[in-house]
$ cat work.cif   # mmCIF, C-alpha atoms
data_input
#
loop_
_atom_site.label_atom_id
_atom_site.label_comp_id
_atom_site.auth_asym_id
_atom_site.auth_seq_id
_atom_site.Cartn_x
_atom_site.Cartn_y
_atom_site.Cartn_z
CA MET A 1 -7.94 -37.13 -35.25
CA LYS A 2 -10.19 -35.22 -37.61
CA ALA A 3 -13.26 -33.18 -36.86
CA LYS A 4 -16.07 -32.06 -39.12
CA VAL A 5 -18.83 -29.66 -38.17
CA TRP A 6 -22.36 -30.73 -39.13
CA GLY A 7 -24.16 -28.13 -37.02
CA CYS A 8 -22.94 -25.16 -35.02
CA ARG A 9 -26.07 -23.11 -34.45
CA GLY A 10 -27.16 -22.63 -30.86
CA SER A 11 -30.54 -22.94 -29.24
CA LEU A 12 -32.73 -23.38 -32.31
CA ALA A 13 -32.30 -24.58 -35.85
CA SER A 14 -32.27 -21.52 -38.07
CA PRO A 15 -32.49 -22.30 -41.77
CA GLY A 16 -32.96 -19.57 -44.34
CA PRO A 17 -31.16 -17.27 -46.72
CA GLU A 18 -29.62 -15.27 -43.89
CA THR A 19 -27.82 -18.30 -42.42
CA VAL A 20 -26.56 -20.13 -45.48
CA ALA A 21 -22.86 -19.45 -44.99
CA PHE A 22 -22.48 -20.64 -41.40
CA GLY A 23 -25.49 -22.93 -41.42
CA GLY A 24 -28.65 -23.28 -39.43
CA ASN A 25 -28.33 -26.77 -37.97
CA THR A 26 -27.82 -27.16 -34.25
CA SER A 27 -24.82 -28.72 -32.55
CA CYS A 28 -23.25 -31.77 -34.08
CA VAL A 29 -19.56 -32.50 -34.68
CA GLN A 30 -18.11 -35.67 -36.16
CA LEU A 31 -14.81 -36.96 -34.87
CA GLU A 32 -12.82 -39.49 -36.79
CA LEU A 33 -10.20 -41.09 -34.62
CA ALA A 34 -7.00 -42.62 -35.91
CA ASP A 35 -8.37 -46.15 -35.49
CA GLY A 36 -11.50 -45.20 -37.41
CA THR A 37 -13.85 -45.18 -34.42
CA PRO A 38 -16.80 -42.96 -35.34
CA VAL A 39 -17.60 -40.46 -32.62
CA VAL A 40 -20.44 -37.95 -32.76
CA LEU A 41 -20.52 -34.96 -30.45
CA ASP A 42 -24.09 -33.93 -29.72
CA ALA A 43 -27.24 -34.81 -31.59
CA GLY A 44 -28.55 -31.49 -32.77
CA THR A 45 -30.22 -31.26 -36.15
CA GLY A 46 -26.83 -31.51 -37.85
CA ILE A 47 -26.78 -35.20 -37.02
CA ARG A 48 -29.41 -35.90 -39.69
CA LEU A 49 -27.04 -35.50 -42.63
CA LEU A 50 -24.17 -37.10 -40.73
CA GLY A 51 -26.37 -40.14 -40.17
CA LEU A 52 -26.90 -40.51 -43.90
CA GLU A 53 -23.16 -40.50 -44.43
CA LEU A 54 -22.42 -42.98 -41.65
CA ALA A 55 -25.10 -45.30 -42.99
CA ARG A 56 -23.13 -45.61 -46.22
CA LEU A 57 -19.97 -46.70 -44.42
CA PRO A 58 -19.13 -50.21 -43.22
CA ARG A 59 -21.06 -50.94 -40.06
CA ARG A 60 -19.23 -50.49 -36.77
CA PRO A 61 -20.18 -49.27 -33.29
CA ILE A 62 -20.95 -45.55 -33.19
CA HIS A 63 -20.38 -43.43 -30.11
CA VAL A 64 -22.70 -40.46 -29.66
CA ILE A 65 -21.63 -38.22 -26.79
CA LEU A 66 -24.15 -35.69 -25.51
CA THR A 67 -22.73 -32.75 -23.61
CA HIS A 68 -26.18 -32.19 -22.13
CA LEU A 69 -29.78 -32.80 -22.98
CA HIS A 70 -31.07 -29.39 -23.97
CA LEU A 71 -33.20 -29.83 -27.04
CA ASP A 72 -30.77 -28.22 -29.49
CA HIS A 73 -28.29 -30.97 -28.62
CA LEU A 74 -30.78 -33.83 -28.75
CA GLU A 75 -33.51 -33.03 -31.25
CA GLY A 76 -31.74 -34.64 -34.21
CA LEU A 77 -31.33 -38.04 -32.56
CA GLY A 78 -34.68 -39.33 -33.78
CA PHE A 79 -33.61 -38.59 -37.35
CA PHE A 80 -30.20 -40.26 -37.11
CA VAL A 81 -30.48 -43.02 -39.72
CA PRO A 82 -28.28 -45.58 -37.90
CA LEU A 83 -30.71 -45.39 -34.96
CA TRP A 84 -33.31 -47.15 -37.11
CA GLU A 85 -31.07 -49.87 -38.50
CA PRO A 86 -31.47 -53.20 -36.71
CA GLY A 87 -28.22 -54.54 -35.41
CA VAL A 88 -26.30 -51.28 -35.43
CA GLU A 89 -24.58 -50.75 -32.11
CA ILE A 90 -24.88 -47.19 -30.84
CA HIS A 91 -23.31 -46.10 -27.59
CA LEU A 92 -25.02 -43.06 -26.12
CA TRP A 93 -22.96 -41.18 -23.57
CA GLY A 94 -24.20 -38.28 -21.46
CA PRO A 95 -23.76 -36.47 -18.18
CA ALA A 96 -25.11 -38.23 -15.14
CA SER A 97 -28.04 -36.77 -13.31
CA PRO A 98 -28.76 -37.22 -9.60
CA VAL A 99 -32.38 -38.05 -10.47
CA ASP A 100 -33.11 -39.91 -13.73
CA THR A 101 -30.94 -42.21 -15.77
CA LEU A 102 -29.65 -41.08 -19.15
CA GLN A 103 -32.07 -43.46 -20.87
CA GLU A 104 -35.03 -42.07 -18.91
CA ARG A 105 -34.10 -38.52 -19.75
CA ILE A 106 -33.65 -39.22 -23.46
CA ALA A 107 -36.94 -41.11 -23.46
CA LYS A 108 -38.71 -37.97 -22.29
CA TYR A 109 -38.01 -36.54 -25.72
CA LEU A 110 -38.22 -39.73 -27.76
CA SER A 111 -41.78 -40.51 -26.75
CA PRO A 112 -45.26 -39.10 -27.38
CA PRO A 113 -46.41 -36.41 -27.38
CA LEU A 114 -43.05 -34.88 -28.36
CA PHE A 115 -42.09 -37.69 -30.73
CA PRO A 116 -44.31 -40.28 -32.41
CA VAL A 117 -42.24 -43.34 -31.55
CA GLN A 118 -41.09 -44.66 -28.19
CA LEU A 119 -37.39 -45.05 -27.45
CA SER A 120 -38.16 -48.69 -26.64
CA GLU A 121 -39.19 -49.21 -30.29
CA VAL A 122 -35.80 -48.24 -31.64
CA PRO A 123 -34.42 -51.31 -33.46
CA SER A 124 -30.72 -50.54 -33.17
CA ASN A 125 -28.76 -51.80 -30.22
CA LEU A 126 -28.56 -48.83 -27.84
CA VAL A 127 -26.11 -48.87 -24.97
CA PHE A 128 -26.37 -46.04 -22.46
CA HIS A 129 -23.40 -44.76 -20.49
CA ASP A 130 -23.08 -42.10 -17.84
CA LEU A 131 -19.92 -40.20 -18.65
CA PRO A 132 -17.38 -41.23 -16.01
CA ASP A 133 -15.63 -38.83 -13.68
CA GLU A 134 -12.26 -40.23 -14.66
CA ASP A 135 -10.52 -40.05 -18.03
CA PHE A 136 -11.39 -43.02 -20.20
CA ALA A 137 -10.35 -44.64 -23.45
CA LEU A 138 -12.56 -44.45 -26.50
CA GLY A 139 -11.08 -46.10 -29.56
CA SER A 140 -7.62 -44.67 -29.98
CA ALA A 141 -8.34 -41.51 -27.95
CA ARG A 142 -8.35 -40.59 -24.29
CA VAL A 143 -11.44 -38.69 -23.26
CA ARG A 144 -12.14 -36.41 -20.36
CA ALA A 145 -15.65 -35.21 -19.54
CA GLU A 146 -16.05 -32.62 -16.83
CA PRO A 147 -19.01 -30.56 -15.64
CA VAL A 148 -18.97 -26.97 -16.83
CA SER A 149 -20.94 -23.88 -15.99
CA HIS A 150 -24.22 -24.07 -17.91
CA ARG A 151 -27.81 -24.61 -16.89
CA GLY A 152 -28.45 -28.18 -15.80
CA PRO A 153 -26.01 -31.10 -15.84
CA THR A 154 -23.61 -30.27 -18.66
CA VAL A 155 -20.13 -31.44 -19.51
CA GLY A 156 -17.36 -30.23 -21.75
CA LEU A 157 -15.15 -32.77 -23.49
CA ARG A 158 -11.45 -33.16 -24.15
CA PHE A 159 -10.02 -35.66 -26.61
CA GLU A 160 -6.36 -36.53 -26.81
CA GLU A 161 -4.79 -38.69 -29.45
CA HIS A 162 -1.13 -38.89 -30.38
CA GLY A 163 -0.35 -35.64 -28.62
CA ARG A 164 -3.08 -33.63 -30.34
CA THR A 165 -6.00 -32.41 -28.33
CA LEU A 166 -9.48 -31.15 -29.04
CA ALA A 167 -11.71 -29.54 -26.45
CA TYR A 168 -15.41 -29.23 -27.20
CA ILE A 169 -17.34 -26.92 -24.87
CA PRO A 170 -20.29 -25.75 -26.94
CA ASP A 171 -22.42 -24.37 -24.11
CA HIS A 172 -20.47 -22.59 -21.43
CA GLU A 173 -20.59 -19.46 -19.31
CA PRO A 174 -17.18 -19.52 -17.61
CA TYR A 175 -17.34 -16.00 -16.23
CA LEU A 176 -20.77 -16.14 -14.68
CA GLY A 177 -20.79 -13.79 -11.73
CA ALA A 178 -17.27 -12.59 -12.42
CA GLY A 179 -15.51 -10.70 -15.15
CA PRO A 180 -12.65 -12.35 -17.01
CA ASP A 181 -10.00 -10.25 -15.32
CA GLY A 182 -8.02 -11.84 -12.57
CA VAL A 183 -9.77 -15.21 -12.40
CA ASP A 184 -7.31 -17.83 -11.22
CA PRO A 185 -7.37 -20.70 -13.75
CA GLU A 186 -7.76 -23.08 -10.84
CA TRP A 187 -11.17 -21.50 -10.29
CA LEU A 188 -12.15 -21.25 -13.95
CA SER A 189 -14.89 -23.57 -15.16
CA GLY A 190 -13.68 -25.70 -18.04
CA PHE A 191 -10.01 -24.84 -17.66
CA SER A 192 -8.85 -28.41 -17.13
CA LEU A 193 -10.56 -29.36 -20.39
CA ALA A 194 -9.16 -26.56 -22.49
CA GLU A 195 -5.70 -26.15 -21.05
CA GLY A 196 -3.16 -26.15 -23.85
CA VAL A 197 -5.32 -27.87 -26.45
CA THR A 198 -4.64 -27.85 -30.16
CA VAL A 199 -8.20 -26.78 -30.94
CA LEU A 200 -10.90 -25.44 -28.66
CA MET A 201 -14.47 -25.34 -29.96
CA HIS A 202 -16.24 -22.96 -27.61
CA ASP A 203 -19.49 -21.14 -27.11
CA ALA A 204 -19.50 -17.53 -28.32
CA GLN A 205 -23.19 -16.90 -28.69
CA TYR A 206 -23.31 -13.19 -27.96
CA PHE A 207 -21.71 -9.94 -28.86
CA GLU A 208 -20.48 -8.09 -25.78
CA HIS A 209 -23.42 -5.68 -25.85
CA GLU A 210 -25.89 -8.58 -25.94
CA TYR A 211 -24.46 -10.44 -22.98
CA PRO A 212 -25.80 -8.24 -20.15
CA ASN A 213 -29.36 -9.22 -21.10
CA HIS A 214 -28.44 -12.91 -21.03
CA VAL A 215 -26.35 -13.28 -17.88
CA GLY A 216 -27.03 -16.67 -16.37
CA TRP A 217 -28.40 -18.21 -19.56
CA GLY A 218 -25.32 -20.40 -19.73
CA HIS A 219 -23.55 -18.90 -22.75
CA SER A 220 -20.53 -16.76 -23.50
CA SER A 221 -19.98 -13.44 -25.13
CA VAL A 222 -17.26 -13.23 -27.74
CA ASN A 223 -14.88 -11.49 -25.36
CA HIS A 224 -15.46 -14.15 -22.72
CA ALA A 225 -14.73 -16.86 -25.26
CA VAL A 226 -11.49 -15.19 -26.30
CA SER A 227 -10.49 -14.54 -22.69
CA PHE A 228 -11.17 -18.15 -21.76
CA ALA A 229 -9.19 -19.47 -24.72
CA GLN A 230 -6.24 -17.23 -23.98
CA ALA A 231 -6.31 -18.05 -20.27
CA SER A 232 -6.24 -21.71 -21.29
CA GLU A 233 -3.43 -21.09 -23.79
CA VAL A 234 -5.17 -22.92 -26.61
CA ARG A 235 -3.55 -23.01 -30.01
CA LYS A 236 -6.66 -22.37 -32.05
CA LEU A 237 -10.10 -21.14 -31.04
CA VAL A 238 -13.15 -22.10 -33.05
CA LEU A 239 -16.23 -20.14 -32.05
CA PHE A 240 -19.39 -22.20 -31.79
CA HIS A 241 -23.07 -22.15 -30.83
CA HIS A 242 -24.10 -19.20 -32.97
CA ASP A 243 -27.14 -17.28 -31.87
CA PRO A 244 -30.21 -18.22 -33.94
CA LEU A 245 -30.98 -14.53 -34.41
CA HIS A 246 -27.58 -13.76 -35.93
CA SER A 247 -27.34 -13.57 -39.70
CA ASP A 248 -24.25 -14.48 -41.68
CA ASP A 249 -23.28 -10.82 -41.84
CA GLN A 250 -23.58 -10.46 -38.09
CA LEU A 251 -21.53 -13.59 -37.58
CA ARG A 252 -18.79 -12.24 -39.82
CA ALA A 253 -18.77 -9.14 -37.65
CA LEU A 254 -18.52 -11.33 -34.57
CA GLU A 255 -15.55 -13.14 -36.07
CA THR A 256 -13.89 -9.81 -36.83
CA ARG A 257 -14.47 -8.77 -33.24
CA ALA A 258 -12.98 -12.03 -31.95
CA ARG A 259 -9.86 -11.51 -34.04
CA ALA A 260 -9.47 -7.96 -32.79
CA LEU A 261 -9.75 -9.17 -29.21
CA TRP A 262 -7.31 -12.01 -29.86
CA GLY A 263 -4.57 -9.79 -31.23
CA PRO A 264 -1.85 -10.56 -33.74
CA ASN A 265 -0.25 -13.62 -32.16
CA GLY A 266 -0.96 -17.21 -33.04
CA HIS A 267 -3.90 -18.58 -34.98
CA ALA A 268 -6.71 -16.10 -35.46
CA PRO A 269 -10.06 -17.31 -34.07
CA GLU A 270 -12.55 -18.63 -36.60
CA LEU A 271 -16.25 -19.18 -36.51
CA ALA A 272 -17.42 -22.72 -37.01
CA TYR A 273 -19.54 -23.35 -40.08
CA GLU A 274 -21.29 -26.38 -41.47
CA GLY A 275 -18.79 -28.45 -43.41
CA MET A 276 -15.79 -27.05 -41.58
CA LYS A 277 -13.02 -29.65 -41.33
CA LEU A 278 -10.22 -29.66 -38.82
CA ALA A 279 -7.30 -32.02 -39.24
CA LEU A 280 -5.55 -32.05 -35.91
CA ASP A 281 -2.97 -34.63 -36.91
CA THR A 282 -1.26 -32.34 -39.36
CA GLU A 283 -1.68 -28.62 -39.36
CA VAL A 284 -4.85 -27.17 -38.05
CA GLU A 285 -6.68 -26.35 -41.22
CA ALA A 286 -9.82 -24.42 -41.69
CA HIS A 287 -11.35 -22.61 -44.57
CA SER A 288 -13.70 -19.70 -44.59
CA PRO A 289 -17.33 -20.44 -45.37
CA ALA A 290 -18.64 -19.57 -48.78
CA MET B 1 -3.38 -35.34 -20.08
CA ALA B 2 -2.40 -31.92 -18.73
CA GLN B 3 -3.29 -31.59 -15.10
CA THR B 4 -3.13 -28.18 -13.52
CA ALA B 5 -4.83 -28.22 -10.12
CA HIS B 6 -8.45 -27.41 -10.66
CA LYS B 7 -11.51 -26.96 -8.46
CA SER B 8 -14.72 -28.87 -9.00
CA LEU B 9 -17.60 -27.03 -10.65
CA PRO B 10 -19.75 -27.02 -7.46
CA LEU B 11 -16.91 -25.29 -5.60
CA ILE B 12 -16.45 -22.80 -8.44
CA LEU B 13 -20.16 -22.00 -8.45
CA ALA B 14 -20.22 -21.77 -4.65
CA ARG B 15 -17.42 -19.26 -4.78
CA GLU B 16 -19.18 -17.17 -7.42
CA PHE B 17 -22.39 -17.34 -5.44
CA ALA B 18 -20.54 -16.17 -2.33
CA SER B 19 -18.79 -13.42 -4.26
CA ASN B 20 -22.09 -11.91 -5.31
CA ILE B 21 -24.00 -11.73 -2.02
CA ALA B 22 -23.64 -9.63 1.12
CA THR B 23 -24.08 -12.56 3.51
CA PRO B 24 -20.79 -13.75 4.99
CA VAL B 25 -19.91 -17.07 3.39
CA THR B 26 -17.00 -19.46 3.76
CA VAL B 27 -16.27 -22.29 1.33
CA PHE B 28 -14.39 -25.45 2.30
CA ASP B 29 -13.18 -28.18 -0.03
CA GLU B 30 -13.53 -31.92 0.48
CA PHE B 31 -10.50 -31.91 2.79
CA GLU B 32 -11.97 -29.19 5.06
CA ARG B 33 -9.54 -26.67 3.68
CA LEU B 34 -10.88 -23.13 3.82
CA VAL B 35 -10.56 -22.32 0.13
CA PHE B 36 -12.56 -19.11 -0.04
CA PHE B 37 -14.39 -16.52 2.03
CA ASN B 38 -16.18 -13.48 0.67
CA GLU B 39 -15.73 -9.81 1.50
CA PRO B 40 -18.53 -9.69 4.10
CA ALA B 41 -16.83 -12.63 5.83
CA GLU B 42 -13.49 -10.84 5.62
CA GLN B 43 -14.94 -7.96 7.61
CA ILE B 44 -15.86 -10.27 10.46
CA LEU B 45 -12.90 -12.61 10.28
CA GLY B 46 -10.42 -9.75 10.11
CA GLN B 47 -8.47 -11.39 7.31
CA LYS B 48 -8.30 -10.92 3.55
CA HIS B 49 -8.72 -14.10 1.56
CA ALA B 50 -6.26 -12.81 -1.04
CA GLU B 51 -3.66 -12.40 1.69
CA VAL B 52 -4.05 -15.66 3.56
CA GLY B 53 -4.94 -17.87 0.59
CA GLU B 54 -6.20 -21.38 1.13
CA LEU B 55 -5.93 -22.64 4.70
CA ALA B 56 -5.63 -26.21 5.90
CA PRO B 57 -7.90 -27.19 8.83
CA HIS B 58 -5.10 -26.84 11.38
CA GLU B 59 -4.31 -23.38 9.96
CA TRP B 60 -7.76 -21.83 9.95
CA THR B 61 -8.70 -23.23 13.34
CA ARG B 62 -5.55 -21.61 14.70
CA LEU B 63 -6.25 -18.33 12.93
CA PHE B 64 -9.74 -18.11 14.39
CA LEU B 65 -10.06 -19.39 17.97
CA VAL B 66 -13.50 -21.00 18.05
CA GLU B 67 -15.31 -21.56 21.34
CA ARG B 68 -18.76 -22.10 22.73
CA LEU B 69 -20.47 -18.98 23.99
CA ASP B 70 -19.52 -19.89 27.56
CA GLY B 71 -15.86 -20.07 26.59
CA ASP B 72 -15.49 -23.84 26.43
CA PRO B 73 -13.24 -24.89 23.56
CA LEU B 74 -14.89 -26.32 20.47
CA GLY B 75 -13.15 -28.95 18.39
CA LEU B 76 -13.43 -28.98 14.62
CA ASP B 77 -15.56 -32.12 14.78
CA GLU B 78 -18.12 -30.24 16.88
CA MET B 79 -18.34 -27.20 14.66
CA PRO B 80 -21.08 -27.02 12.02
CA VAL B 81 -18.43 -27.23 9.31
CA GLY B 82 -16.96 -30.36 10.88
CA ILE B 83 -20.35 -31.97 11.32
CA ALA B 84 -21.42 -31.18 7.76
CA HIS B 85 -18.13 -32.62 6.52
CA ARG B 86 -18.24 -35.75 8.65
CA ASP B 87 -21.95 -36.58 8.54
CA ARG B 88 -22.74 -35.12 5.09
CA CYS B 89 -25.70 -33.27 6.53
CA PRO B 90 -26.55 -29.65 7.36
CA ALA B 91 -25.59 -28.37 10.79
CA HIS B 92 -26.29 -25.20 12.73
CA ASP B 93 -24.87 -23.77 15.94
CA THR B 94 -24.18 -20.65 17.92
CA LEU B 95 -20.59 -20.07 18.87
CA SER B 96 -17.91 -17.46 19.30
CA PHE B 97 -14.56 -16.91 17.70
CA THR B 98 -11.67 -14.64 18.43
CA THR B 99 -9.64 -13.18 15.60
CA GLN B 100 -5.91 -12.50 15.51
CA ASP B 101 -6.39 -8.94 16.75
CA GLY B 102 -8.16 -10.24 19.84
CA SER B 103 -11.69 -9.18 18.92
CA ARG B 104 -14.38 -11.65 19.93
CA HIS B 105 -17.48 -12.28 17.83
CA GLU B 106 -20.60 -14.23 18.71
CA ILE B 107 -22.10 -15.76 15.62
CA GLU B 108 -24.64 -18.23 14.30
CA VAL B 109 -23.38 -20.61 11.66
CA THR B 110 -25.21 -22.83 9.20
CA ALA B 111 -23.12 -25.26 7.22
CA PHE B 112 -24.24 -27.62 4.48
CA PRO B 113 -22.39 -30.18 2.42
CA LEU B 114 -22.05 -30.05 -1.36
CA LEU B 115 -23.11 -33.49 -2.46
CA GLY B 116 -23.08 -34.96 -5.94
CA ARG B 117 -24.55 -38.08 -7.40
CA GLU B 118 -23.72 -41.38 -5.74
CA ASP B 119 -20.89 -40.77 -3.30
CA ASP B 120 -19.51 -37.58 -4.79
CA TYR B 121 -18.69 -34.97 -2.19
CA TYR B 122 -17.21 -31.59 -2.97
CA GLY B 123 -16.97 -29.73 0.31
CA VAL B 124 -18.96 -27.52 2.65
CA VAL B 125 -20.47 -24.06 2.43
CA ALA B 126 -20.98 -22.21 5.72
CA ILE B 127 -22.92 -18.99 6.10
CA PHE B 128 -22.74 -17.05 9.31
CA TRP B 129 -23.94 -13.85 10.87
CA GLU B 130 -23.22 -12.02 14.09
CA LEU B 131 -25.64 -12.38 16.97
CA ARG B 132 -27.58 -9.24 17.56
CA GLY B 133 -27.72 -7.97 21.16
CA GLU B 134 -31.12 -8.21 22.86
#

$ encode --input "work.cif" --output "structure tokens"
Amino acid sequence: MKAKVWGCRGSLASPGPETVAFGGNTSCVQLELADGTPVVLDAGTGIRLLGLELARLPRRPIHVILTHLHLDHLEGLGFFVPLWEPGVEIHLWGPASPVDTLQERIAKYLSPPLFPVQLSEVPSNLVFHDLPDEDFALGSARVRAEPVSHRGPTVGLRFEEHGRTLAYIPDHEPYLGAGPDGVDPEWLSGFSLAEGVTVLMHDAQYFEHEYPNHVGWGHSSVNHAVSFAQASEVRKLVLFHHDPLHSDDQLRALETRARALWGPNGHAPELAYEGMKLALDTEVEAHSPA
Amino acid sequence: MAQTAHKSLPLILAREFASNIATPVTVFDEFERLVFFNEPAEQILGQKHAEVGELAPHEWTRLFLVERLDGDPLGLDEMPVGIAHRDRCPAHDTLSFTTQDGSRHEIEVTAFPLLGREDDYYGVVAIFWELRGE
């Protein structure tokens, strides 16, 4: 299993000279499973360039899994090239809602006045799936999707393939209403997704001093992200969902803070950046952004 | 996949909600186990959650003797928690309970089920407060 980050910015796409190193595109991660099944995690603006790459590859069903439908995780879908190719089979997975179907909720964005074209006009073959409560097989991987603490129906994801595991929880506030000290893992949102994984990609939107003004917004401070990862005994933590107001310099400071909180043992936490590649089948590899 | 016992998100959020308010709240899982009660509830129940832990139905009904106000016994199925669990609907009642130290409390209880999509059911939240004397 390999992962590549195409967008790791939270909330709002943030292009510009201050965000070149980590990137300004919103959430999108490509997974390449051992059997070659293409899996896309979230459809933020990062999916635009990924779509161009997938369009050059031999045609096969693509699975796009949406952790939730906030705009920063959905706004790139209309610019995903395979969506506009007749005959391409695209499976769209998302959290169930007690009210509208996944198709109805996506259509709220992919329709006027927010988008010029109706979802019903899309020529590719779209198949909608509510993410099941039980673990399920997707290509050569086992997948678990579980609700996590964020605003609105939101899931985190866990992929397991050949003993290697990746947890992807890009929007998560695990310590809402409680500090990280003394929380029993049994009562910790997202724990069953992250427990013991090879790589955890996790929300770390705020510095500690910023968090008090954003309690309940559904995101983590850097110390909460580190605490959650250590409580879950993950091997490597990749910090994700960067605040759109944070420059590259600020993000480097956030990474330094994460490493100080983590301590000397194990893999030091890293911030996700556009183009970051993680090869879970061999050693976890990551390289600093330019 | 790894499988440490883990609570559902609605129960986790119910617990955090209860932990942050001054109204006595008890939280039950889908098996009617008393899995959490907050500090205001501890003051009335005379027990610390951290000390007693999670309690099966036969344990918590023994720990707190629940009766009607006139002293008639009240089965679990007749309590608001039992009704909310069985019928998947809110329930309200006035009742009394006697704690381990023998103190008797008259309370009002409102219990409501935690329902998910389709047939998902996560448990029951019950709030209660002591009757005020006229």

$ interface_residues --input "work.cif" --of "chain A" --to "chain B" --cutoff "10 Å" --atoms "all atoms listed in the file" --output "PyMOL selection string"
chain A and resi 96-99+133+135+142-144+146-149+158-160+163+165+174-178+184-197

$ atom_distance --input "work.cif" --atom1 "atom CA of Glu274 of chain A" --atom2 "atom CA of Leu251 of chain A"
13.4 Å

$ resolve_selection --input "work.cif" --expression "the PyMOL selection byres ((chain B and resi 94-109) around 7)" --output "list in words"
Leu45, Gly46, Leu63, Phe64, Leu65, Val66, Glu67, Arg68, Leu69, Pro80, His92, Asp93, Thr110, Ala111, Ala126, Ile127, Phe128, Trp129, Glu130 and Leu131 of chain B

$ resolve_selection --input "work.cif" --expression "the PyMOL selection byres ((chain B and resi 84-89) around 12)" --output "mmCIF file with C-alpha atoms, in the coordinates of the input"
data_model
loop_
_atom_site.group_PDB
_atom_site.id
_atom_site.type_symbol
_atom_site.label_atom_id
_atom_site.label_comp_id
_atom_site.auth_asym_id
_atom_site.auth_seq_id
_atom_site.Cartn_x
_atom_site.Cartn_y
_atom_site.Cartn_z
ATOM 1 C CA VAL B 27 -16.270 -22.290 1.330
ATOM 2 C CA PHE B 28 -14.390 -25.450 2.300
ATOM 3 C CA ASP B 29 -13.180 -28.180 -0.030
ATOM 4 C CA GLU B 30 -13.530 -31.920 0.480
ATOM 5 C CA PHE B 31 -10.500 -31.910 2.790
ATOM 6 C CA GLU B 32 -11.970 -29.190 5.060
ATOM 7 C CA ARG B 33 -9.540 -26.670 3.680
ATOM 8 C CA PRO B 57 -7.900 -27.190 8.830
ATOM 9 C CA LEU B 76 -13.430 -28.980 14.620
ATOM 10 C CA ASP B 77 -15.560 -32.120 14.780
ATOM 11 C CA GLU B 78 -18.120 -30.240 16.880
ATOM 12 C CA MET B 79 -18.340 -27.200 14.660
ATOM 13 C CA PRO B 80 -21.080 -27.020 12.020
ATOM 14 C CA VAL B 81 -18.430 -27.230 9.310
ATOM 15 C CA GLY B 82 -16.960 -30.360 10.880
ATOM 16 C CA ILE B 83 -20.350 -31.970 11.320
ATOM 17 C CA PRO B 90 -26.550 -29.650 7.360
ATOM 18 C CA ALA B 91 -25.590 -28.370 10.790
ATOM 19 C CA HIS B 92 -26.290 -25.200 12.730
ATOM 20 C CA ASP B 93 -24.870 -23.770 15.940
ATOM 21 C CA VAL B 109 -23.380 -20.610 11.660
ATOM 22 C CA THR B 110 -25.210 -22.830 9.200
ATOM 23 C CA ALA B 111 -23.120 -25.260 7.220
ATOM 24 C CA PHE B 112 -24.240 -27.620 4.480
ATOM 25 C CA PRO B 113 -22.390 -30.180 2.420
ATOM 26 C CA LEU B 114 -22.050 -30.050 -1.360
ATOM 27 C CA LEU B 115 -23.110 -33.490 -2.460
ATOM 28 C CA GLY B 116 -23.080 -34.960 -5.940
ATOM 29 C CA ASP B 119 -20.890 -40.770 -3.300
ATOM 30 C CA ASP B 120 -19.510 -37.580 -4.790
ATOM 31 C CA TYR B 121 -18.690 -34.970 -2.190
ATOM 32 C CA TYR B 122 -17.210 -31.590 -2.970
ATOM 33 C CA GLY B 123 -16.970 -29.730 0.310
ATOM 34 C CA VAL B 124 -18.960 -27.520 2.650
ATOM 35 C CA VAL B 125 -20.470 -24.060 2.430
ATOM 36 C CA ALA B 126 -20.980 -22.210 5.720
#

$ residues_around --input "work.cif" --residues "Leu54 of chain A" --least-positions-apart "3" --cutoff "10 Å" --atoms "all atoms listed in the file" --output "PyMOL selection string"
chain A and resi 38+49-51+57-60+62+80-82

$ write_last_selection --input "work.cif" --atoms "C-alpha atoms" --output "PDB file, keeping the file's coordinate frame"
ATOM      1  CA  PRO A  38     -16.800 -42.960 -35.340  1.00  0.00           C
ATOM      2  CA  LEU A  49     -27.040 -35.500 -42.630  1.00  0.00           C
ATOM      3  CA  LEU A  50     -24.170 -37.100 -40.730  1.00  0.00           C
ATOM      4  CA  GLY A  51     -26.370 -40.140 -40.170  1.00  0.00           C
ATOM      5  CA  LEU A  57     -19.970 -46.700 -44.420  1.00  0.00           C
ATOM      6  CA  PRO A  58     -19.130 -50.210 -43.220  1.00  0.00           C
ATOM      7  CA  ARG A  59     -21.060 -50.940 -40.060  1.00  0.00           C
ATOM      8  CA  ARG A  60     -19.230 -50.490 -36.770  1.00  0.00           C
ATOM      9  CA  ILE A  62     -20.950 -45.550 -33.190  1.00  0.00           C
ATOM     10  CA  PHE A  80     -30.200 -40.260 -37.110  1.00  0.00           C
ATOM     11  CA  VAL A  81     -30.480 -43.020 -39.720  1.00  0.00           C
ATOM     12  CA  PRO A  82     -28.280 -45.580 -37.900  1.00  0.00           C
TER      13      PRO A  82
END

$ atom_distance --input "work.cif" --atom1 "atom CA of Ala279 of chain A" --atom2 "atom CA of Leu138 of chain A"
18.6 Å

$ atom_distance --input "work.cif" --atom1 "atom CA of Lys236 of chain A" --atom2 "atom CA of Glu255 of chain A"
13.4 Å

$ resolve_selection --input "work.cif" --expression "the PyMOL selection byres ((chain A and resi 209-218) around 8)" --output "PyMOL selection string"
chain A and resi 149-151+171-173+176+206-208+219-221

$ closest_residue --input "work.cif" --among "A:Pro264, A:Gly182, A:Pro153, A:Gly46" --to "Glu75 of chain A" --atoms "only C-alpha atoms"
A:Gly46

$ residues_around --input "work.cif" --residues "Ile65 of chain A" --least-positions-apart "4" --cutoff "6 Å" --atoms "all atoms listed in the file" --output "list in words"
Leu41, Asp42, Leu92, Trp93 and Gly94 of chain A

$ closest_residue --input "work.cif" --among "B:Gly75, B:Val25, B:Ala14, B:Phe37" --to "His58 of chain B" --atoms "only C-alpha atoms"
B:Gly75
